[in-house]
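Quick notes on the structure that follows.
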Amino acid sequence: MELEKNYNAKDTENKWYNYWQENGLFAPKEDRSQKPFTIVIPPPNVTGILHMGHVLNNTLQDVAIRYHRMKGRPTLWIPGTDHAGIATQNRVEKDLKKEGKSRYDIGREALVKRIWDWKKEKGSLIIEQLKQLGCSCDWSRERFTMDKELSHAVKKVFIHLYEKDLIYKGKYIINWCPRCETALANDEVEYTDQKGKLWHIKYPFEDGSGYIVIATTRPETMLGDVAVAVNPSDQRHKEYIGKNVILPVMNKPIPIIADDYVDKEFGTGCVKITPAHDPNDFEVGIRHDLKQLLVMDQNGKINENGPAHLQGLDRFEARKKIIEQLTEENLLEKVEDHDNSVGHCYRCDTVIEPYLSDQWFVRMKPLSHRAIKVVEDGEVRFVPERWTKVYMHWMNNIRDWCISRQIWWGHRIPAYYCSNCQGVQVAMDTPAECPVCHCKEFSQDEDVLDTWFSSWLWPFSTLGWPQKTADLEYFLPTSVLITGYDIIYLWVARMIMATLEFENKIPFDTVFLNGLVRDKQGRKMSKQLGNSPDPIDIIDKYGADALRFSMIFNTPKGQDSYYSDEIVEIGRNFCNKIWNAFRFIVMNIENIDGLPGNLHFDLADKWIYARLNQVTKEVDEHYKNLRFNDATQELMHFIWDEYCSWYVEMAKEKFYNEKDSEILLTTKYVLLDVMQQAMRLLHPVMPFISEEIFQLIKQIFPIEDQACIIATFPVIQPEMIDNQVLSTMAVLQETITVIRNLRKQINISPALNVDIHIKLANDTQHQLFLEYDGYVKKLAKVGKITMGVDLEKPASSIVAVAGDIQIYLPLQGLIDIEAEKTKLEKQKDKLEAELKVIHGKLSNDNFINNAKPEVIAKEKEKEEEVATKLNTVLYVIESLG
RNA sequence: GGGUGCUUAGCUCAGUUGGGAGAGCGCUUGCCUUACAAGCAAGUGGUCGGGGGUUCAAGUCCCUCAGCACCCACCA
């Protein structure tokens with residue numbers, strides 16, 4: 001076996017991804033007697049390009065999936081993409097614009113066709129990127145929210161809800177994006193604080209007796225004013241109620257009315273009422289039976305209801321002109337600075353306009369009750385738990401959901417209007433005949449449904465609903481949903497409601513909410529800021545394993561994390577470390593001539609197995625409890641600090657000095673065995689390098705599993721966790737470290753072997769060191785060791801203490817006695833302080849009476865240990881003179 | 001106005017029923033030691049945001065204050 005000096009991620013990753021796919025290893029094991037582990041992917045937008053948020057989210061899902069697959073459960077990860085109505089249409093319209101055309105130039109049918117063409121050509125980009133990341137989805141089950149079957153499900157759902165009177169059509173003020181020319185749901189509006197103005201405008205009384213002043217932040221909407229409102233209890237304005245004022249610019253009379261909605265403290269206490277352009281004014285308008293006068297068109301331009309000189313002007317242009325005119329006419333009393341938060345379209349960032357229009361709504365309250373109950377009852381659990389509160393709050397204050405969108409790309413609303421009597425029918429297909437007037441001509445509603453109206457069906461629509469498929473029966477409820485906390489309302493809550501309503505089941509029992517990935521400065525990664533690196537570049541440079549490992553290593557459960565290229569180096573370096581450890585094994589094992597007939601475990605072998613089993617136990621639990629970053633920490637520590645830095649180094653000693661072939665074979669066996677087990681533990685996080693090494697080991701070591709991806713996860717062997725071995729090894733390790741420390745103190749060349757004396761505390765220790773002095777010599781670069789229980793300190797030597805062991809390093813040359821003493825004094829002070837604390841506790845009756853017995857026992861044990869160390873140090877200080 | 005999260009080493013952050021302050025990176029020193037300089041070895045570094053309380057014992061529980069970030073509602 002010839003291995004490169006540095007790990008080559010690129011070739012390895014392609015090779016194994018293809019292998020897994022060609023061998024169908026992503027598909028769930030066919031064993032329907034076992035409970036499956038299932039995840040549905042949060043479907044990325046077809047227009048999407050992989051960003052760091054996707055990397056984190058999908059890596060987390062893949063880790064969970066790979067872990068459970070190795071644990072032997074039938075495991076399914078259902079992938080797919082979302083048609084993302086507005087985003088996708090915008091994307092294609094942008095291309096159109098380059099050709100100088102708008103969607104109206106080519107018409108609905110042509111546009112939709114063009115978007116489908118675009119989807120076929122470019123829509124799988126993000127899927128390909130997920131594959132590069134290593135995602136082990138069952139691609140044979142990939143779905144798209146506008147697949148024929150899913151569209152069918154959407155229609156079914158719409159009709160079901162309509163027939164239950166849970167969908168209705170109504171005229172309401174909605175959030176309108178004049179650029180996208182569509183309604184937006186409340187959740188699709190992003191508010192940002194802006195420095196604005198508060199204009200104080202005089203509205204003269206019709207009878208010429210003066211004026212009142214209203215304050216507004218959006219003067220252009222005054223064109224649609226139909227009244228001025230004051231609070232009925234406001235003494236300042238009481239006398240004006242019922243009078244008319246002349247609406248400036250429009251020059252028409254409007255009444256002054258009284259309504260509790262008006263806040264006496266704000267502005268002038270007088271509010272202009274514009275029912276067609278403000279949600280609160282809309283409510284006031286209903287209460288007072290006022291006209292709803294629209295003064296803008298769908299592009300935010302002043303329409304025919306405005307005065308001739310303003311018609312066709314953009315709303316902000318119109319605002320300017322109106323202010324100019326008011327100033328000229330001396331109707332502008334003053335202008336104040338005023339900060340308020342302004343809604344923006346979450347897709348294109350245009351300022352949204354509250355706008356009166358016909359829209360379809362879902363009544364949410366009736367759907368929310370069960371969705372609240374399943375969370376209350378713990379059937380659906382949020383991780384981290386704090387999100388439960390957030391979810392509950394929203395659910396308890398839920399509002400109706402505006403589901404119609406005035407775009408062309410999406411599921412068209414299955415409502416048909418009779419061409420003759422305008423009667424509406426909601427149906428799967430165009431109705432044959434109008435039941436009222438028997439007309440046979442219909443036109444379908446022009447609007448499409450909100451993208452989330454298909455997403456909220458995702459956990460069951462992907463499994464074949466409304467067909468009663470075997471998959472639906474078997475895989476639903478799914479196991480865990482892993483997604484970002486920013487879509488709890490938009491998606492998670494709605495899936496819970498939909499799945500309960502249509503399948504009478506919960507969609508998943510656990511919702512794991514991962515944090516957001518931010519840049520180094522703490523800003524959210526976003527397209528606009530351009531601060532998200534392209535993960536594919538990172539994968540090309542460092543490897544997918546490196547990226548995956550680093551993202552998880554860096555991301556505590558449910559917290560936001562900060563990304564920078566440097567963190568990926570952690571993963572890259574770790575890959576290389578593993579690679580080289582394996583390379584070392586291969587270099588020493590090429591001549592392996594069979595497995596040992598009998599295994600001869602020495603301390604090092606027993607120790608690494610003890611640790612392997614401890615680590616297996618912990619990592620297993622971390623994966624199970626979705627504590628992924630803890631798992632990575634544990635694995636890195638074990639592989640790097642224990643396997644490489646101690647076990648491999650100790651193996652070297654045997655390779656160089658041991659003659660017994662059985663012992664040599666045992667060492668090779670343990671090196672390979674621990675490595676292959678470590679690869680299994682690591683696989684969920686670093687699937688590629690673990691598979692590569694696993695397969696290479698398989699060539700020279702008996703492994704039954706076909707591949708690491710479907711290998712069994714290591715099973716804990718508790719009898720291997722030998723505490724005696726662990727503590728003995730700790731003594732050896734400490735001794736070696738202390739010797740290294742001594743060498744360093746007096747600058748002994750690393751190339752030089754030194755002679756040392758070791759004074760042991762008892763015969764058992766003496767035996768131990770006689771047996772394992774080779775390890776001390778190898779790992780601490782020691783030549784000759786003189787040891788014994790009754791050893792005198794050699795003249796002119798420096799001393800160090802490891803537990804109850806004393807180590808003397810004789811010096812030919814000079815030593816700095818004072819420096820030695822200072823160091824030992826420091827050690828003494830620390831031990832004394834520690835001992836004082838322990839004595840304090842043990843002499844405290846309250847402690848003795850209240851603390852748990854095992855805590856007290858532990859404390860006594862510690863007292864003894866510290867006292868011994870202290871005595872040793874004191875002895876050494878004294879012997880220095 | 002309502003709510004959530006965060007505040008621990010120079011930086012980024014772990015710390016799961018209260019009982020020995022940790023990691024990665026950085027920094028210092030010495031090493032290209034035949035697996036790895038993407039490395040090895042030895043070190044430096046913290047009154048766990050302030051104050052109060054509960055307890056034999058608090059980074060950990062409670063109260064309070066401060067700073068930072070975010071969410072929801074409202075904003076004429």
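Every chain in the structure tokens takes a letter, A first, then B, and so on in the order presented; its residues are numbered from 1, and the ligands are numbered from 1 following the presented order.
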
With only C-alpha atoms (C1' of nucleotides) considered, list every residue of chain B at most 8 Å from chain A, as JSON, numbers by chain.
{"B": [4, 12, 13, 14, 19, 23, 24, 30, 31, 33, 35, 36, 38, 41, 42, 56, 57, 75, 76]}

Non-local contacts of A:Thr388 (12 Å; only C-alpha atoms (C1' of nucleotides); under 6 positions in same chain excluded) as a PyMOL selection string
(chain A and resi 371-378+380-382+394-395+485+488-489+492-493+510-513) or (chain B and resi 4)

For B:A21, which of B:C6, B:G59, B:G51, B:C40 is the closest residue, counting only C-alpha atoms (C1' of nucleotides)?
B:G59

Would you list the contacts of A:Trp118 as a tab-separated table (two decimals) with N, CA and C atoms, in the first residue's frame, taking every protein, DNA or RNA residue within 12 Å and counting only C-alpha atoms (C1' of nucleotides), but skipping same-chain residues closer than 3 positions in sequence?
```
chain	number	residue	atom	x	y	z
A	46	VAL	N	-35.56	25.77	-5.33
A	46	VAL	CA	-34.91	25.35	-6.58
A	46	VAL	C	-33.91	26.36	-7.07
A	47	THR	N	-34.15	27.61	-6.74
A	47	THR	CA	-33.21	28.65	-7.18
A	47	THR	C	-32.01	28.71	-6.27
A	83	HIS	N	-40.62	24.83	-4.83
A	83	HIS	CA	-40.72	25.65	-6.05
A	83	HIS	C	-40.55	27.13	-5.78
A	88	THR	N	-38.46	32.15	-7.46
A	88	THR	CA	-38.16	31.54	-8.74
A	88	THR	C	-38.68	32.40	-9.89
A	89	GLN	N	-39.90	32.90	-9.72
A	89	GLN	CA	-40.43	33.75	-10.78
A	89	GLN	C	-39.55	34.99	-10.97
A	91	ARG	N	-36.43	35.19	-10.44
A	91	ARG	CA	-35.19	34.77	-11.07
A	91	ARG	C	-35.34	34.73	-12.60
A	92	VAL	N	-36.45	34.16	-13.05
A	92	VAL	CA	-36.64	34.02	-14.49
A	92	VAL	C	-37.05	35.35	-15.11
A	93	GLU	N	-37.80	36.13	-14.37
A	93	GLU	CA	-38.18	37.45	-14.90
A	93	GLU	C	-36.95	38.33	-15.12
A	95	ASP	N	-34.08	37.29	-16.16
A	95	ASP	CA	-33.56	36.92	-17.48
A	95	ASP	C	-34.37	37.58	-18.58
A	96	LEU	N	-35.70	37.56	-18.40
A	96	LEU	CA	-36.59	38.17	-19.39
A	96	LEU	C	-36.25	39.65	-19.58
A	111	LEU	N	-44.62	32.10	-19.67
A	111	LEU	CA	-43.74	32.34	-18.52
A	111	LEU	C	-43.59	31.06	-17.69
A	112	VAL	N	-44.73	30.43	-17.44
A	112	VAL	CA	-44.67	29.22	-16.64
A	112	VAL	C	-43.83	28.15	-17.33
A	113	LYS	N	-43.98	28.06	-18.63
A	113	LYS	CA	-43.17	27.09	-19.38
A	113	LYS	C	-41.69	27.42	-19.25
A	114	ARG	N	-41.42	28.71	-19.37
A	114	ARG	CA	-40.03	29.14	-19.28
A	114	ARG	C	-39.44	28.80	-17.90
A	115	ILE	N	-40.26	28.96	-16.87
A	115	ILE	CA	-39.76	28.64	-15.52
A	115	ILE	C	-39.51	27.13	-15.38
A	121	GLU	N	-33.23	22.78	-16.22
A	121	GLU	CA	-31.83	23.00	-16.53
A	121	GLU	C	-30.98	23.31	-15.30
A	122	LYS	N	-31.52	24.19	-14.44
A	122	LYS	CA	-30.69	24.71	-13.35
A	122	LYS	C	-31.16	24.29	-11.96
A	123	GLY	N	-32.34	23.70	-11.93
A	123	GLY	CA	-32.97	23.47	-10.62
A	123	GLY	C	-32.31	22.40	-9.77
A	124	SER	N	-31.39	21.65	-10.35
A	124	SER	CA	-30.79	20.58	-9.55
A	124	SER	C	-29.42	20.97	-9.00
A	125	LEU	N	-29.06	22.22	-9.19
A	125	LEU	CA	-27.74	22.66	-8.73
A	125	LEU	C	-27.55	22.39	-7.24
```

In Å to one decimal, how far is atom CA of A:Asp349 from atom CA of A:Cys177?
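It comes out at 9.0 Å.
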
As a compact mmCIF listing (two decimals) with N, CA and C atoms (P, O5', C5', C4', C3', O3' and C1' of nucleotides), in the first residue's frame, please: the residues near B:G18 (cut-off 8 Å, only C-alpha atoms (C1' of nucleotides), same-chain neighbours under 5 positions excluded).
```
# COMPACT_ATOMS: atom_id res chain seq x y z
P A B 57 -22.67 27.03 52.88
O5' A B 57 -22.03 26.32 51.60
C5' A B 57 -20.61 26.33 51.44
C4' A B 57 -20.23 25.55 50.22
C3' A B 57 -20.89 26.00 48.92
O3' A B 57 -20.18 27.08 48.35
C1' A B 57 -21.02 23.65 49.10
P A B 58 -20.93 28.27 47.63
O5' A B 58 -20.29 28.22 46.16
C5' A B 58 -20.32 27.07 45.34
C4' A B 58 -20.77 27.47 43.95
C3' A B 58 -20.77 28.96 43.64
O3' A B 58 -20.37 29.21 42.30
C1' A B 58 -22.95 28.09 43.43
P U B 60 -23.73 30.61 39.25
O5' U B 60 -24.15 29.23 38.56
C5' U B 60 -24.87 29.22 37.31
C4' U B 60 -25.12 27.78 36.95
C3' U B 60 -26.22 27.11 37.77
O3' U B 60 -27.21 26.56 36.90
C1' U B 60 -24.21 25.81 37.77
P C B 61 -28.43 27.51 36.49
O5' C B 61 -29.34 27.45 37.81
C5' C B 61 -30.22 26.37 38.03
C4' C B 61 -31.01 26.63 39.28
C3' C B 61 -31.52 28.06 39.45
O3' C B 61 -32.72 28.27 38.73
C1' C B 61 -30.51 27.35 41.46
```

Could you give me, as JSON, numbers by chain, each residue of stretch 152-376 of chain A that DSSP assigns to helix (DSSP H, G or I) when run on this structure's backbone?
{"A": [152, 153, 154, 155, 156, 157, 158, 159, 160, 161, 162, 163, 186, 187, 188, 219, 220, 221, 222, 223, 224, 238, 239, 240, 279, 280, 281, 282, 283, 284, 285, 286, 287, 288, 315, 316, 317, 318, 319, 320, 321, 322, 323, 324, 325, 326, 327, 328, 365, 366, 367, 368, 369, 370, 371, 372, 373, 374, 375, 376]}

With distances taken over only C-alpha atoms, which residue among A:Asp31, A:Glu317, A:Glu433, A:Asp82 lies nearest A:Arg143?
A:Asp82

If you run DSSP on this backbone, which residues of stretch 114-240 of chain A come out as strand (DSSP E or B), and could you give them as a count of residues only?
43

I'd like the contact shell of stretch 44-49 of chain B - 10 Å cut-off, only C-alpha atoms (C1' of nucleotides), skipping same-chain residues fewer than 5 positions apart - returned as a VMD selection string.
chain B and resid 7 to 10 21 27 to 28 59 66 to 67
